Amino acid sequence: MSLLIKSLAFHSLPDPLFEQTPDVQTGFEQLVPVIEQQTRDVVACLADDEKKSIERHFLCSTMIELPFTSGALQWNDIRKNIRKDDIPMPCTYVNAYECASWGYSLRYFLTRPSSRYLLVSILDANLMDFEFWRHNENWGHSGFGLCTLLLEADDSAMESLTTGCATTYNSTAEFATIIRRHMMSVEDVTLALPFFPDHIRQIFTRMLNGSPQLPDLHEQYGHCFGSDPWLTILQHGLDNTIQEQQDFLACSIALNGYFSMAQVSINSDTQLLFQKSERLPS
């Protein structure tokens, strides 16, 4: 088993996010019920005692960085407002590794396991309504949303995870080389790669042509940052009848060179959820 996806959800968020852009604090508060409801839905597959055993829920992000570094948002204040006794709401915020933050969250948990279950949420929303986050030459047009995954880990789960940082100037090609090397050592594993426009995707296409891959959904969703590999696994599960275990290598790379890879599985019991919302009131 190593890392089994018990439940996986993606809540697609619109752009612009609000009818009228509020201040950052108010904007984030508008997202708290979305996080709460998705957490509740994701852990619904667990018994009450299993829910209570989850001591760590990480919230990761690429784009919600400036509000925290500028002081417009304070994580300790947010934690006080989103704590719920009946569900394991996020208790730790990670954004230093950008799109790869989910992998470093897994690494932290797996070196200090306190439960069989781990929750990670990835939130990327254009809270400040910046044009930069809508489109960038490094990733094309952006997608926004909240992804939450519930993983069940066994004693060998750490072997399923790889984290690191590129050391060469061409981080994408270096990452593709690392992925290719991994794929040569495993069987019956399908790649779940980041979503990129054609001119960037060509690197992965050229270097990983011999490996089975899930579709790149950039045209449909845009680049959804750390959510990309999980969203394509989710879409695959929704589009197909899963009758037996299927294994995937979820891969993310950040603009700053950090990367994460995790070999994960889904089976017929994996809960898969997709939701799309309209603009939030200001």
# chains A, B, ... in the order shown; residues from 1 in each chain; ligands from 1
$ residues_around --residues "A:Arg206" --least-positions-apart "3" --cutoff "12 Å" --atoms "only C-alpha atoms" --output "CSV table (one decimal) with C-alpha atoms, in the first residue's frame"
chain,number,residue,atom,x,y,z
A,172,THR,CA,12.5,21.3,-15.7
A,173,ALA,CA,14.8,19.2,-17.8
A,176,ALA,CA,12.3,15.2,-16.1
A,177,THR,CA,15.6,13.3,-15.8
A,180,ARG,CA,12.7,9.1,-16.0
A,198,ASP,CA,2.9,23.2,-25.2
A,199,HIS,CA,6.2,25.0,-25.3
A,200,ILE,CA,7.1,23.9,-21.7
A,201,ARG,CA,5.3,20.5,-22.0
A,202,GLN,CA,7.6,19.5,-24.9
A,203,ILE,CA,10.5,18.9,-22.4
A,209,ASN,CA,7.9,9.6,-24.1
A,210,GLY,CA,8.3,6.0,-23.1
A,211,SER,CA,6.4,6.3,-19.8
$ closest_atom_pairs --of "stretch 156-238 of chain A" --to "stretch 105-121 of chain A" --cutoff "10 Å" --atoms "only C-alpha atoms" --output "CSV"
residue,atom,partner,partner_atom,distance
A:Ser156,CA,A:Leu110,CA,9.4
A:Ala157,CA,A:Leu110,CA,7.2
A:Met158,CA,A:Leu110,CA,6.0
A:Glu159,CA,A:Leu110,CA,9.8
A:Leu161,CA,A:Arg107,CA,7.3
A:Thr162,CA,A:Arg107,CA,8.4
A:Thr163,CA,A:Arg107,CA,7.9
A:Gly226,CA,A:Ser121,CA,9.7
A:Ser227,CA,A:Ser121,CA,8.9
$ select_by_dssp --residues "stretch 80-218 of chain A" --states "helix (DSSP H, G or I)" --output "ChimeraX atom specification"
/A:80-82,98-111,131-133,157-160,171-183,198-207,218
$ write_last_selection --atoms "C-alpha atoms" --output "CSV table (one decimal), in the first residue's frame"
chain,number,residue,atom,x,y,z
A,80,LYS,CA,-8.0,30.4,15.9
A,81,ASN,CA,-10.9,31.2,13.5
A,82,ILE,CA,-10.9,27.9,11.6
A,98,GLU,CA,5.6,26.7,-3.8
A,99,CYS,CA,4.0,24.0,-6.0
A,100,ALA,CA,6.1,21.3,-4.3
A,101,SER,CA,5.0,22.2,-0.8
A,102,TRP,CA,2.7,19.2,-0.5
A,103,GLY,CA,5.7,16.9,-0.8
A,104,TYR,CA,7.6,18.6,2.0
A,105,SER,CA,4.5,18.4,4.1
A,106,LEU,CA,4.3,14.6,3.5
A,107,ARG,CA,8.0,14.3,4.3
A,108,TYR,CA,7.6,16.1,7.7
A,109,PHE,CA,4.7,13.8,8.6
A,110,LEU,CA,6.3,10.6,7.5
A,111,THR,CA,9.4,11.3,9.6
A,131,GLU,CA,-3.0,40.0,-13.2
A,132,PHE,CA,0.3,38.3,-12.6
A,133,TRP,CA,-1.5,35.3,-11.2
A,157,ALA,CA,5.5,5.1,2.9
A,158,MET,CA,8.7,7.2,3.1
A,159,GLU,CA,10.1,5.0,0.3
A,160,SER,CA,7.3,6.3,-1.9
A,171,SER,CA,15.3,22.8,-13.6
A,172,THR,CA,12.5,21.3,-15.7
A,173,ALA,CA,14.8,19.2,-17.8
A,174,GLU,CA,16.6,18.1,-14.6
A,175,PHE,CA,13.3,17.1,-13.0
A,176,ALA,CA,12.3,15.2,-16.1
A,177,THR,CA,15.6,13.3,-15.8
A,178,ILE,CA,14.9,12.4,-12.2
A,179,ILE,CA,11.4,11.2,-13.1
A,180,ARG,CA,12.7,9.1,-16.0
A,181,ARG,CA,15.2,7.5,-13.7
A,182,HIS,CA,12.5,6.6,-11.2
A,183,MET,CA,10.1,5.2,-13.9
A,198,ASP,CA,2.9,23.2,-25.2
A,199,HIS,CA,6.2,25.0,-25.3
A,200,ILE,CA,7.1,23.9,-21.7
A,201,ARG,CA,5.3,20.5,-22.0
A,202,GLN,CA,7.6,19.5,-24.9
A,203,ILE,CA,10.5,18.9,-22.4
A,204,PHE,CA,8.4,16.3,-20.6
A,205,THR,CA,7.1,14.9,-23.8
A,206,ARG,CA,10.6,14.5,-25.3
A,207,MET,CA,12.2,13.0,-22.1
A,218,HIS,CA,-3.7,22.7,-19.0
$ select_by_dssp --residues "stretch 50-263 of chain A" --states "strand (DSSP E)" --output "PyMOL selection string"
chain A and resi 57-60+92-94+117-124+135-136+140-141+145-153+161-165+189-192+246-253+258-263
$ write_last_selection --atoms "N, CA and C atoms" --output "compact mmCIF listing (two decimals), in the first residue's frame"
# COMPACT_ATOMS: atom_id res chain seq x y z
N HIS A 57 -3.01 18.50 9.68
CA HIS A 57 -3.62 18.85 8.40
C HIS A 57 -2.85 20.06 7.87
N PHE A 58 -2.12 19.86 6.79
CA PHE A 58 -1.31 20.92 6.20
C PHE A 58 -2.12 21.68 5.17
N LEU A 59 -1.96 23.00 5.16
CA LEU A 59 -2.51 23.85 4.10
C LEU A 59 -1.34 24.41 3.32
N CYS A 60 -1.26 24.09 2.03
CA CYS A 60 -0.14 24.53 1.18
C CYS A 60 -0.65 25.52 0.14
N THR A 92 -1.30 23.79 10.02
CA THR A 92 0.03 24.20 9.58
C THR A 92 -0.05 24.75 8.17
N TYR A 93 0.56 25.91 7.93
CA TYR A 93 0.58 26.53 6.60
C TYR A 93 1.98 26.45 6.01
N VAL A 94 2.09 25.98 4.76
CA VAL A 94 3.38 25.81 4.10
C VAL A 94 3.32 26.43 2.71
N TYR A 117 -3.25 8.33 9.05
CA TYR A 117 -3.87 9.21 8.07
C TYR A 117 -3.24 10.61 8.09
N LEU A 118 -3.15 11.18 6.91
CA LEU A 118 -2.60 12.53 6.75
C LEU A 118 -3.49 13.32 5.81
N LEU A 119 -3.77 14.55 6.19
CA LEU A 119 -4.54 15.46 5.35
C LEU A 119 -3.65 16.58 4.82
N VAL A 120 -3.75 16.82 3.52
CA VAL A 120 -3.06 17.96 2.90
C VAL A 120 -4.07 18.69 2.02
N SER A 121 -4.14 19.99 2.19
CA SER A 121 -4.96 20.83 1.30
C SER A 121 -4.05 21.79 0.57
N ILE A 122 -4.37 22.05 -0.69
CA ILE A 122 -3.59 22.96 -1.53
C ILE A 122 -4.56 24.05 -2.00
N LEU A 123 -4.32 25.27 -1.56
CA LEU A 123 -5.22 26.37 -1.88
C LEU A 123 -4.49 27.41 -2.71
N ASP A 124 -4.99 27.65 -3.91
CA ASP A 124 -4.46 28.72 -4.74
C ASP A 124 -5.63 29.53 -5.27
N HIS A 135 -1.93 34.89 -15.60
CA HIS A 135 -1.17 34.39 -16.74
C HIS A 135 0.29 34.76 -16.55
N ASN A 136 1.16 33.80 -16.87
CA ASN A 136 2.58 34.04 -16.75
C ASN A 136 3.31 33.19 -17.79
N GLY A 140 1.87 29.69 -18.44
CA GLY A 140 0.67 29.95 -19.22
C GLY A 140 -0.44 30.48 -18.35
N HIS A 141 -1.70 30.16 -18.69
CA HIS A 141 -2.81 30.67 -17.88
C HIS A 141 -3.00 29.81 -16.64
N GLY A 145 -8.14 26.95 -7.26
CA GLY A 145 -8.99 26.00 -6.58
C GLY A 145 -8.41 25.52 -5.27
N LEU A 146 -9.18 24.66 -4.61
CA LEU A 146 -8.79 24.03 -3.36
C LEU A 146 -8.78 22.52 -3.59
N CYS A 147 -7.63 21.91 -3.37
CA CYS A 147 -7.49 20.45 -3.48
C CYS A 147 -7.21 19.90 -2.08
N THR A 148 -7.92 18.85 -1.72
CA THR A 148 -7.69 18.21 -0.43
C THR A 148 -7.54 16.71 -0.64
N LEU A 149 -6.46 16.15 -0.08
CA LEU A 149 -6.26 14.71 -0.20
C LEU A 149 -6.05 14.10 1.18
N LEU A 150 -6.69 12.97 1.37
CA LEU A 150 -6.56 12.17 2.57
C LEU A 150 -5.78 10.92 2.20
N LEU A 151 -4.60 10.77 2.80
CA LEU A 151 -3.72 9.64 2.50
C LEU A 151 -3.63 8.70 3.68
N GLU A 152 -3.57 7.42 3.38
CA GLU A 152 -3.30 6.41 4.39
C GLU A 152 -1.90 5.88 4.15
N ALA A 153 -1.06 5.94 5.17
CA ALA A 153 0.35 5.56 5.04
C ALA A 153 0.67 4.33 5.87
N LEU A 161 8.23 8.53 -1.44
CA LEU A 161 8.32 9.98 -1.56
C LEU A 161 9.74 10.43 -1.92
N THR A 162 9.84 11.38 -2.84
CA THR A 162 11.11 12.00 -3.19
C THR A 162 10.94 13.51 -3.19
N THR A 163 11.80 14.22 -2.48
CA THR A 163 11.81 15.68 -2.50
C THR A 163 13.23 16.15 -2.76
N GLY A 164 13.37 17.33 -3.34
CA GLY A 164 14.70 17.86 -3.61
C GLY A 164 14.62 19.19 -4.31
N CYS A 165 15.76 19.68 -4.74
CA CYS A 165 15.82 20.96 -5.45
C CYS A 165 16.80 20.84 -6.61
N VAL A 189 3.25 1.84 -13.25
CA VAL A 189 3.04 3.13 -12.62
C VAL A 189 2.81 4.17 -13.71
N THR A 190 1.79 4.99 -13.53
CA THR A 190 1.43 6.01 -14.52
C THR A 190 1.78 7.40 -13.97
N LEU A 191 2.36 8.22 -14.83
CA LEU A 191 2.78 9.56 -14.42
C LEU A 191 1.59 10.51 -14.32
N ALA A 192 1.59 11.34 -13.26
CA ALA A 192 0.66 12.45 -13.11
C ALA A 192 1.53 13.70 -13.00
N GLN A 246 -4.65 1.01 -8.73
CA GLN A 246 -3.85 1.63 -9.79
C GLN A 246 -2.82 2.54 -9.12
N ASP A 247 -1.60 2.53 -9.65
CA ASP A 247 -0.50 3.27 -9.05
C ASP A 247 -0.07 4.43 -9.95
N PHE A 248 0.23 5.56 -9.30
CA PHE A 248 0.61 6.77 -10.02
C PHE A 248 1.83 7.40 -9.36
N LEU A 249 2.58 8.15 -10.15
CA LEU A 249 3.66 8.97 -9.61
C LEU A 249 3.23 10.42 -9.76
N ALA A 250 2.81 11.03 -8.63
CA ALA A 250 2.40 12.43 -8.62
C ALA A 250 3.64 13.31 -8.57
N CYS A 251 3.74 14.26 -9.52
CA CYS A 251 4.97 15.05 -9.67
C CYS A 251 4.65 16.54 -9.70
N SER A 252 5.40 17.32 -8.93
CA SER A 252 5.27 18.78 -8.95
C SER A 252 6.64 19.41 -8.91
N ILE A 253 6.79 20.51 -9.67
CA ILE A 253 8.03 21.29 -9.63
C ILE A 253 7.68 22.76 -9.47
N TYR A 258 12.41 23.68 -6.41
CA TYR A 258 12.03 22.57 -5.54
C TYR A 258 11.09 21.62 -6.30
N PHE A 259 11.18 20.35 -5.98
CA PHE A 259 10.31 19.37 -6.61
C PHE A 259 9.89 18.30 -5.61
N SER A 260 8.77 17.65 -5.93
CA SER A 260 8.24 16.55 -5.11
C SER A 260 7.69 15.47 -6.03
N MET A 261 7.91 14.23 -5.64
CA MET A 261 7.32 13.09 -6.32
C MET A 261 6.82 12.12 -5.26
N ALA A 262 5.63 11.58 -5.45
CA ALA A 262 5.09 10.59 -4.52
C ALA A 262 4.39 9.50 -5.31
N GLN A 263 4.76 8.25 -5.06
CA GLN A 263 4.06 7.14 -5.68
C GLN A 263 2.86 6.80 -4.80
$ closest_residue --among "A:Pro33, A:Pro215, A:Pro281, A:Gly222" --to "A:Met89" --atoms "only C-alpha atoms"
A:Pro33
$ closest_residue --among "A:Ala96, A:Ala254, A:Leu214, A:Ile5" --to "A:Asp269" --atoms "only C-alpha atoms"
A:Ile5
$ residues_around --residues "A:Glu19" --least-positions-apart "6" --cutoff "12 Å" --atoms "only C-alpha atoms" --output "NGL selection string"
:A and (27 or 127 or 129 or 278-282)
$ write_last_selection --atoms "C-alpha atoms" --output "PDB file, in the first residue's frame"
ATOM      1  CA  GLY A  27     -11.350  37.569   1.388  1.00  0.00           C
ATOM      2  CA  LEU A 127      -7.179  36.905  -3.275  1.00  0.00           C
ATOM      3  CA  ASP A 129      -6.867  40.068  -7.900  1.00  0.00           C
ATOM      4  CA  GLU A 278     -19.427  30.757  -8.790  1.00  0.00           C
ATOM      5  CA  ARG A 279     -17.962  34.052  -7.595  1.00  0.00           C
ATOM      6  CA  LEU A 280     -18.045  34.612  -3.868  1.00  0.00           C
ATOM      7  CA  PRO A 281     -19.869  37.636  -2.447  1.00  0.00           C
ATOM      8  CA  SER A 282     -17.537  40.458  -1.456  1.00  0.00           C
TER       9      SER A 282
END
$ atom_distance --atom1 "atom CA of A:Met63" --atom2 "atom CA of A:His223"
12.0 Å
$ closest_residue --among "A:Ala47, A:Ile266, A:Leu255, A:Leu272" --to "A:Tyr97" --atoms "only C-alpha atoms"
A:Leu255
